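A.B. asks: Submitted below is the structure of interest, expressed as structure tokens.
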Amino acid sequence: MPGPESVILLHGFGGHPLQTALLARRLRESGYDVANIGYPSWRWPITRVLDHLHHRIAVSAVQEASAVHFVGHSMGGLLLRAYLTRHSPGHLGRVVMLGTPHGGSELADLCYRLRLDRPILNQASALLRTHRDPATQALFGTVDYPLGIIAGDRPMVGAIPAFLFRAPNDGKVSVAATHCPGESDHLVMPVAHTAMIYSRTVADQIAHFLCYGSFRRA
């Protein structure tokens, strides 16, 4: 007999499951079993990270769930797109991505122009830049599942030079770059890039999309 619905939760670049622990707890309070999975975002090539995620997910309790949902913050959302292209489960539920740079990040571009991408971004550089090589872009496949996207438009004051972004952004990713072909719903919230994973209202919107396939609007 299938168990309760589960959520696979992935942090972003340079993150750790401790950063997404509060979000995981809030999703558990909403009734989901949550696997809050970590991965080496800096030192491993993307294909190795995907293999690591596949192993971690395969040995988790989600195989017994009635539905498996996925939630990814920032780079974690890009990894989810690549993972689901390779290993989409038969009982796939819905997917939510938070501040994910589907169109790349101007901040990653700046690192590349300054030749700082290797020490700062290393293996993730090709994934995070706005201009991706064909092999990297091919990892993402086609979105054929319910996908909700939350973007932030309140960067922390003084965090990033104003010249870097000329449009609404969360301090690391522009709102425009969070859109993804095939998305089911898109919501802009007054949060910064990292702050969104600690926001109660963001967690509530995630739970709403996982349940209903759309975000709550007043």
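Labeling convention for the structure tokens: chains A, B, ... as they appear, residues from 1 per chain, ligands from 1 in order of appearance.
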List every residue of region 18-112 of chain A that DSSP, applied to the backbone, labels as helix (DSSP H, G or I), and write the result as a VMD selection string.

C.D. replies: chain A and resid 21 to 29 46 to 58 61 to 64 75 to 87 106 to 112

A.B. asks: So which residues touch Leu210 (chain A) within 12 Å, counting only C-alpha atoms, skipping near sequence neighbours fewer than 4 positions away, as a PyMOL selection string?

C.D. replies: chain A and resi 5-8+27+30-32+67-71+92-97+145-149+184-185+203-206+214-216

A.B. asks: Using only C-alpha atoms, which residue out of A:Pro4, A:Pro17, A:Gly76, A:Gly182 lies closest to His91 (chain A)?

C.D. replies: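 Result for the nearest residue to His91 (chain A): A:Pro4.
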
A.B. asks: As a VMD selection string, please: all residues of chain A that backbone DSSP puts in strand (DSSP E).

C.D. replies: chain A and resid 6 to 10 33 to 37 68 to 73 92 to 98 147 to 152 185 to 189

A.B. asks: Limited to N, CA and C atoms, could you put the picked residues into a file as a compact mmCIF listing (two decimals), in the first residue's frame?

C.D. replies:
```txt
# COMPACT_ATOMS: atom_id res chain seq x y z
N SER A 6 5.76 12.28 -0.67
CA SER A 6 7.11 12.67 -0.26
C SER A 6 7.60 13.87 -1.05
N VAL A 7 8.59 14.54 -0.49
CA VAL A 7 9.24 15.67 -1.16
C VAL A 7 10.75 15.45 -1.12
N ILE A 8 11.39 15.56 -2.29
CA ILE A 8 12.84 15.61 -2.38
C ILE A 8 13.23 17.08 -2.41
N LEU A 9 14.07 17.51 -1.47
CA LEU A 9 14.44 18.92 -1.33
C LEU A 9 15.94 19.09 -1.58
N LEU A 10 16.29 20.00 -2.49
CA LEU A 10 17.69 20.27 -2.81
C LEU A 10 18.05 21.72 -2.54
N ASP A 33 6.46 13.62 3.81
CA ASP A 33 7.75 13.06 4.19
C ASP A 33 8.81 13.78 3.35
N VAL A 34 9.86 14.25 3.96
CA VAL A 34 10.84 15.06 3.24
C VAL A 34 12.23 14.44 3.33
N ALA A 35 12.87 14.29 2.17
CA ALA A 35 14.28 13.90 2.10
C ALA A 35 15.07 15.15 1.71
N ASN A 36 15.79 15.71 2.66
CA ASN A 36 16.57 16.93 2.47
C ASN A 36 17.99 16.52 2.10
N ILE A 37 18.29 16.51 0.80
CA ILE A 37 19.50 15.87 0.29
C ILE A 37 20.59 16.89 -0.03
N VAL A 68 5.81 11.48 -5.46
CA VAL A 68 7.08 12.11 -5.10
C VAL A 68 7.14 13.49 -5.75
N HIS A 69 7.22 14.51 -4.92
CA HIS A 69 7.36 15.88 -5.37
C HIS A 69 8.83 16.30 -5.23
N PHE A 70 9.19 17.36 -5.94
CA PHE A 70 10.57 17.86 -5.88
C PHE A 70 10.55 19.37 -5.66
N VAL A 71 11.45 19.83 -4.80
CA VAL A 71 11.62 21.26 -4.54
C VAL A 71 13.11 21.58 -4.60
N GLY A 72 13.48 22.57 -5.40
CA GLY A 72 14.89 22.93 -5.53
C GLY A 72 15.09 24.42 -5.42
N HIS A 73 16.10 24.82 -4.65
CA HIS A 73 16.46 26.23 -4.53
C HIS A 73 17.63 26.54 -5.44
N LEU A 92 5.73 10.50 -10.15
CA LEU A 92 6.12 11.90 -10.03
C LEU A 92 4.90 12.77 -9.76
N GLY A 93 5.05 13.64 -8.76
CA GLY A 93 3.98 14.57 -8.42
C GLY A 93 4.22 15.91 -9.08
N ARG A 94 4.49 16.93 -8.26
CA ARG A 94 4.71 18.28 -8.77
C ARG A 94 6.09 18.78 -8.38
N VAL A 95 6.54 19.84 -9.05
CA VAL A 95 7.89 20.36 -8.85
C VAL A 95 7.81 21.86 -8.60
N VAL A 96 8.56 22.33 -7.61
CA VAL A 96 8.66 23.77 -7.33
C VAL A 96 10.13 24.16 -7.33
N MET A 97 10.43 25.27 -7.99
CA MET A 97 11.80 25.78 -8.03
C MET A 97 11.82 27.21 -7.50
N LEU A 98 12.81 27.51 -6.67
CA LEU A 98 12.91 28.79 -5.98
C LEU A 98 14.14 29.56 -6.45
N LEU A 147 5.13 22.34 -13.04
CA LEU A 147 6.26 23.10 -12.51
C LEU A 147 5.82 24.48 -12.04
N GLY A 148 6.01 24.74 -10.77
CA GLY A 148 5.76 26.06 -10.22
C GLY A 148 7.06 26.75 -9.87
N ILE A 149 7.16 28.02 -10.21
CA ILE A 149 8.40 28.77 -9.99
C ILE A 149 8.12 29.99 -9.11
N ILE A 150 8.95 30.15 -8.08
CA ILE A 150 8.89 31.33 -7.23
C ILE A 150 10.15 32.15 -7.44
N ALA A 151 9.97 33.43 -7.75
CA ALA A 151 11.09 34.35 -7.93
C ALA A 151 11.03 35.42 -6.85
N GLY A 152 12.17 35.97 -6.50
CA GLY A 152 12.22 37.07 -5.55
C GLY A 152 12.57 38.37 -6.24
N ASP A 185 3.07 27.62 -13.43
CA ASP A 185 2.73 28.84 -12.71
C ASP A 185 4.02 29.53 -12.29
N HIS A 186 3.94 30.85 -12.18
CA HIS A 186 5.12 31.65 -11.81
C HIS A 186 4.66 32.75 -10.87
N LEU A 187 5.36 32.88 -9.74
CA LEU A 187 4.97 33.84 -8.72
C LEU A 187 6.18 34.64 -8.27
N VAL A 188 6.04 35.96 -8.25
CA VAL A 188 7.10 36.84 -7.76
C VAL A 188 6.75 37.28 -6.34
N MET A 189 7.70 37.11 -5.42
CA MET A 189 7.47 37.43 -4.02
C MET A 189 8.55 38.40 -3.52
```

A.B. asks: What separation in Å, quoted to one decimal, exists between CA of Leu121 (chain A) and CA of Gly103 (chain A)?

C.D. replies: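 About the pair CA of Leu121 (chain A) and CA of Gly103 (chain A): they are 16.8 Å apart.
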
A.B. asks: Rounded to one decimal place, report the CA of Ala126 (chain A)-CA of Leu107 (chain A) distance in Å.

C.D. replies: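 Separating CA of Ala126 (chain A) from CA of Leu107 (chain A) is a distance of 12.7 Å.
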
A.B. asks: Identify, on the basis of only C-alpha atoms, every residue whose closest approach to Glu106 (chain A) does not exceed 12 Å; exclude the query and any residue fewer than 3 positions from it along the same chain; express the result as an MDAnalysis selection string.

C.D. replies: chainID A and resid 101:103 109:113 125 128:131 160:167 169:177

A.B. asks: Just the selected residues (N, CA and C atoms), exported as a PDB file, in the first residue's frame, please.

C.D. replies:
```pdb
ATOM      1  N   PRO A 101      17.999  29.949 -11.709  1.00  0.00           N
ATOM      2  CA  PRO A 101      18.402  30.722 -12.890  1.00  0.00           C
ATOM      3  C   PRO A 101      18.292  29.913 -14.186  1.00  0.00           C
ATOM      4  N   HIS A 102      17.067  29.662 -14.614  1.00  0.00           N
ATOM      5  CA  HIS A 102      16.882  28.901 -15.855  1.00  0.00           C
ATOM      6  C   HIS A 102      17.556  29.613 -17.028  1.00  0.00           C
ATOM      7  N   GLY A 103      17.535  30.926 -17.000  1.00  0.00           N
ATOM      8  CA  GLY A 103      18.197  31.704 -18.040  1.00  0.00           C
ATOM      9  C   GLY A 103      19.610  32.108 -17.685  1.00  0.00           C
ATOM     10  N   ASP A 109      28.031  35.340 -14.773  1.00  0.00           N
ATOM     11  CA  ASP A 109      28.699  35.952 -15.925  1.00  0.00           C
ATOM     12  C   ASP A 109      29.815  36.888 -15.485  1.00  0.00           C
ATOM     13  N   LEU A 110      29.563  37.655 -14.424  1.00  0.00           N
ATOM     14  CA  LEU A 110      30.581  38.569 -13.915  1.00  0.00           C
ATOM     15  C   LEU A 110      31.815  37.800 -13.441  1.00  0.00           C
ATOM     16  N   CYS A 111      31.591  36.714 -12.740  1.00  0.00           N
ATOM     17  CA  CYS A 111      32.717  35.872 -12.303  1.00  0.00           C
ATOM     18  C   CYS A 111      33.517  35.372 -13.497  1.00  0.00           C
ATOM     19  N   TYR A 112      32.808  34.997 -14.561  1.00  0.00           N
ATOM     20  CA  TYR A 112      33.469  34.487 -15.758  1.00  0.00           C
ATOM     21  C   TYR A 112      34.306  35.582 -16.421  1.00  0.00           C
ATOM     22  N   ARG A 113      33.736  36.794 -16.538  1.00  0.00           N
ATOM     23  CA  ARG A 113      34.462  37.894 -17.179  1.00  0.00           C
ATOM     24  C   ARG A 113      35.704  38.292 -16.382  1.00  0.00           C
ATOM     25  N   SER A 125      30.119  26.480 -12.945  1.00  0.00           N
ATOM     26  CA  SER A 125      30.154  27.673 -13.786  1.00  0.00           C
ATOM     27  C   SER A 125      29.357  27.507 -15.073  1.00  0.00           C
ATOM     28  N   LEU A 128      25.589  27.731 -14.525  1.00  0.00           N
ATOM     29  CA  LEU A 128      24.992  28.951 -13.983  1.00  0.00           C
ATOM     30  C   LEU A 128      25.099  30.165 -14.899  1.00  0.00           C
ATOM     31  N   ARG A 129      25.951  30.135 -15.915  1.00  0.00           N
ATOM     32  CA  ARG A 129      26.103  31.297 -16.791  1.00  0.00           C
ATOM     33  C   ARG A 129      24.911  31.442 -17.729  1.00  0.00           C
ATOM     34  N   THR A 130      24.728  32.665 -18.247  1.00  0.00           N
ATOM     35  CA  THR A 130      23.589  32.919 -19.135  1.00  0.00           C
ATOM     36  C   THR A 130      23.787  32.297 -20.513  1.00  0.00           C
ATOM     37  N   HIS A 131      25.035  32.093 -20.922  1.00  0.00           N
ATOM     38  CA  HIS A 131      25.315  31.455 -22.213  1.00  0.00           C
ATOM     39  C   HIS A 131      25.914  30.081 -21.943  1.00  0.00           C
ATOM     40  N   ILE A 160      24.856  43.398  -3.789  1.00  0.00           N
ATOM     41  CA  ILE A 160      25.405  43.300  -5.136  1.00  0.00           C
ATOM     42  C   ILE A 160      25.386  44.695  -5.760  1.00  0.00           C
ATOM     43  N   PRO A 161      26.442  45.109  -6.461  1.00  0.00           N
ATOM     44  CA  PRO A 161      26.426  46.419  -7.123  1.00  0.00           C
ATOM     45  C   PRO A 161      25.209  46.581  -8.027  1.00  0.00           C
ATOM     46  N   ALA A 162      24.597  47.763  -7.960  1.00  0.00           N
ATOM     47  CA  ALA A 162      23.357  47.996  -8.699  1.00  0.00           C
ATOM     48  C   ALA A 162      23.545  47.865 -10.206  1.00  0.00           C
ATOM     49  N   PHE A 163      24.776  48.111 -10.699  1.00  0.00           N
ATOM     50  CA  PHE A 163      24.990  48.071 -12.142  1.00  0.00           C
ATOM     51  C   PHE A 163      24.822  46.674 -12.727  1.00  0.00           C
ATOM     52  N   LEU A 164      24.897  45.650 -11.892  1.00  0.00           N
ATOM     53  CA  LEU A 164      24.875  44.284 -12.407  1.00  0.00           C
ATOM     54  C   LEU A 164      23.498  43.903 -12.928  1.00  0.00           C
ATOM     55  N   PHE A 165      22.457  44.406 -12.275  1.00  0.00           N
ATOM     56  CA  PHE A 165      21.089  44.083 -12.678  1.00  0.00           C
ATOM     57  C   PHE A 165      20.365  45.362 -13.093  1.00  0.00           C
ATOM     58  N   ARG A 166      19.731  45.315 -14.244  1.00  0.00           N
ATOM     59  CA  ARG A 166      18.956  46.464 -14.713  1.00  0.00           C
ATOM     60  C   ARG A 166      17.465  46.151 -14.728  1.00  0.00           C
ATOM     61  N   ALA A 167      17.074  45.124 -14.027  1.00  0.00           N
ATOM     62  CA  ALA A 167      15.675  44.701 -13.992  1.00  0.00           C
ATOM     63  C   ALA A 167      15.415  44.079 -12.628  1.00  0.00           C
ATOM     64  N   ASN A 169      15.147  41.751  -9.536  1.00  0.00           N
ATOM     65  CA  ASN A 169      16.009  40.613  -9.232  1.00  0.00           C
ATOM     66  C   ASN A 169      15.984  40.340  -7.742  1.00  0.00           C
ATOM     67  N   ASP A 170      16.566  39.199  -7.353  1.00  0.00           N
ATOM     68  CA  ASP A 170      16.618  38.833  -5.933  1.00  0.00           C
ATOM     69  C   ASP A 170      18.010  39.042  -5.332  1.00  0.00           C
ATOM     70  N   GLY A 171      18.887  39.694  -6.097  1.00  0.00           N
ATOM     71  CA  GLY A 171      20.255  39.918  -5.654  1.00  0.00           C
ATOM     72  C   GLY A 171      21.255  39.002  -6.316  1.00  0.00           C
ATOM     73  N   LYS A 172      20.789  37.892  -6.851  1.00  0.00           N
ATOM     74  CA  LYS A 172      21.669  36.951  -7.552  1.00  0.00           C
ATOM     75  C   LYS A 172      21.102  36.516  -8.900  1.00  0.00           C
ATOM     76  N   VAL A 173      19.781  36.518  -9.010  1.00  0.00           N
ATOM     77  CA  VAL A 173      19.115  36.053 -10.228  1.00  0.00           C
ATOM     78  C   VAL A 173      18.012  37.047 -10.585  1.00  0.00           C
ATOM     79  N   SER A 174      17.930  37.429 -11.858  1.00  0.00           N
ATOM     80  CA  SER A 174      16.851  38.317 -12.281  1.00  0.00           C
ATOM     81  C   SER A 174      15.534  37.552 -12.331  1.00  0.00           C
ATOM     82  N   VAL A 175      14.444  38.276 -12.146  1.00  0.00           N
ATOM     83  CA  VAL A 175      13.123  37.646 -12.228  1.00  0.00           C
ATOM     84  C   VAL A 175      12.924  37.024 -13.604  1.00  0.00           C
ATOM     85  N   ALA A 176      13.353  37.731 -14.652  1.00  0.00           N
ATOM     86  CA  ALA A 176      13.179  37.216 -16.012  1.00  0.00           C
ATOM     87  C   ALA A 176      13.880  35.881 -16.205  1.00  0.00           C
ATOM     88  N   ALA A 177      15.042  35.711 -15.578  1.00  0.00           N
ATOM     89  CA  ALA A 177      15.821  34.479 -15.751  1.00  0.00           C
ATOM     90  C   ALA A 177      15.217  33.288 -15.033  1.00  0.00           C
TER      91      ALA A 177
END
```

A.B. asks: Of the candidates A:Leu22, A:Tyr212, A:Leu79, A:Asp117, which shows the shortest atom-to-atom distance to Thr136 (chain A), using only C-alpha atoms?

C.D. replies: A:Leu79
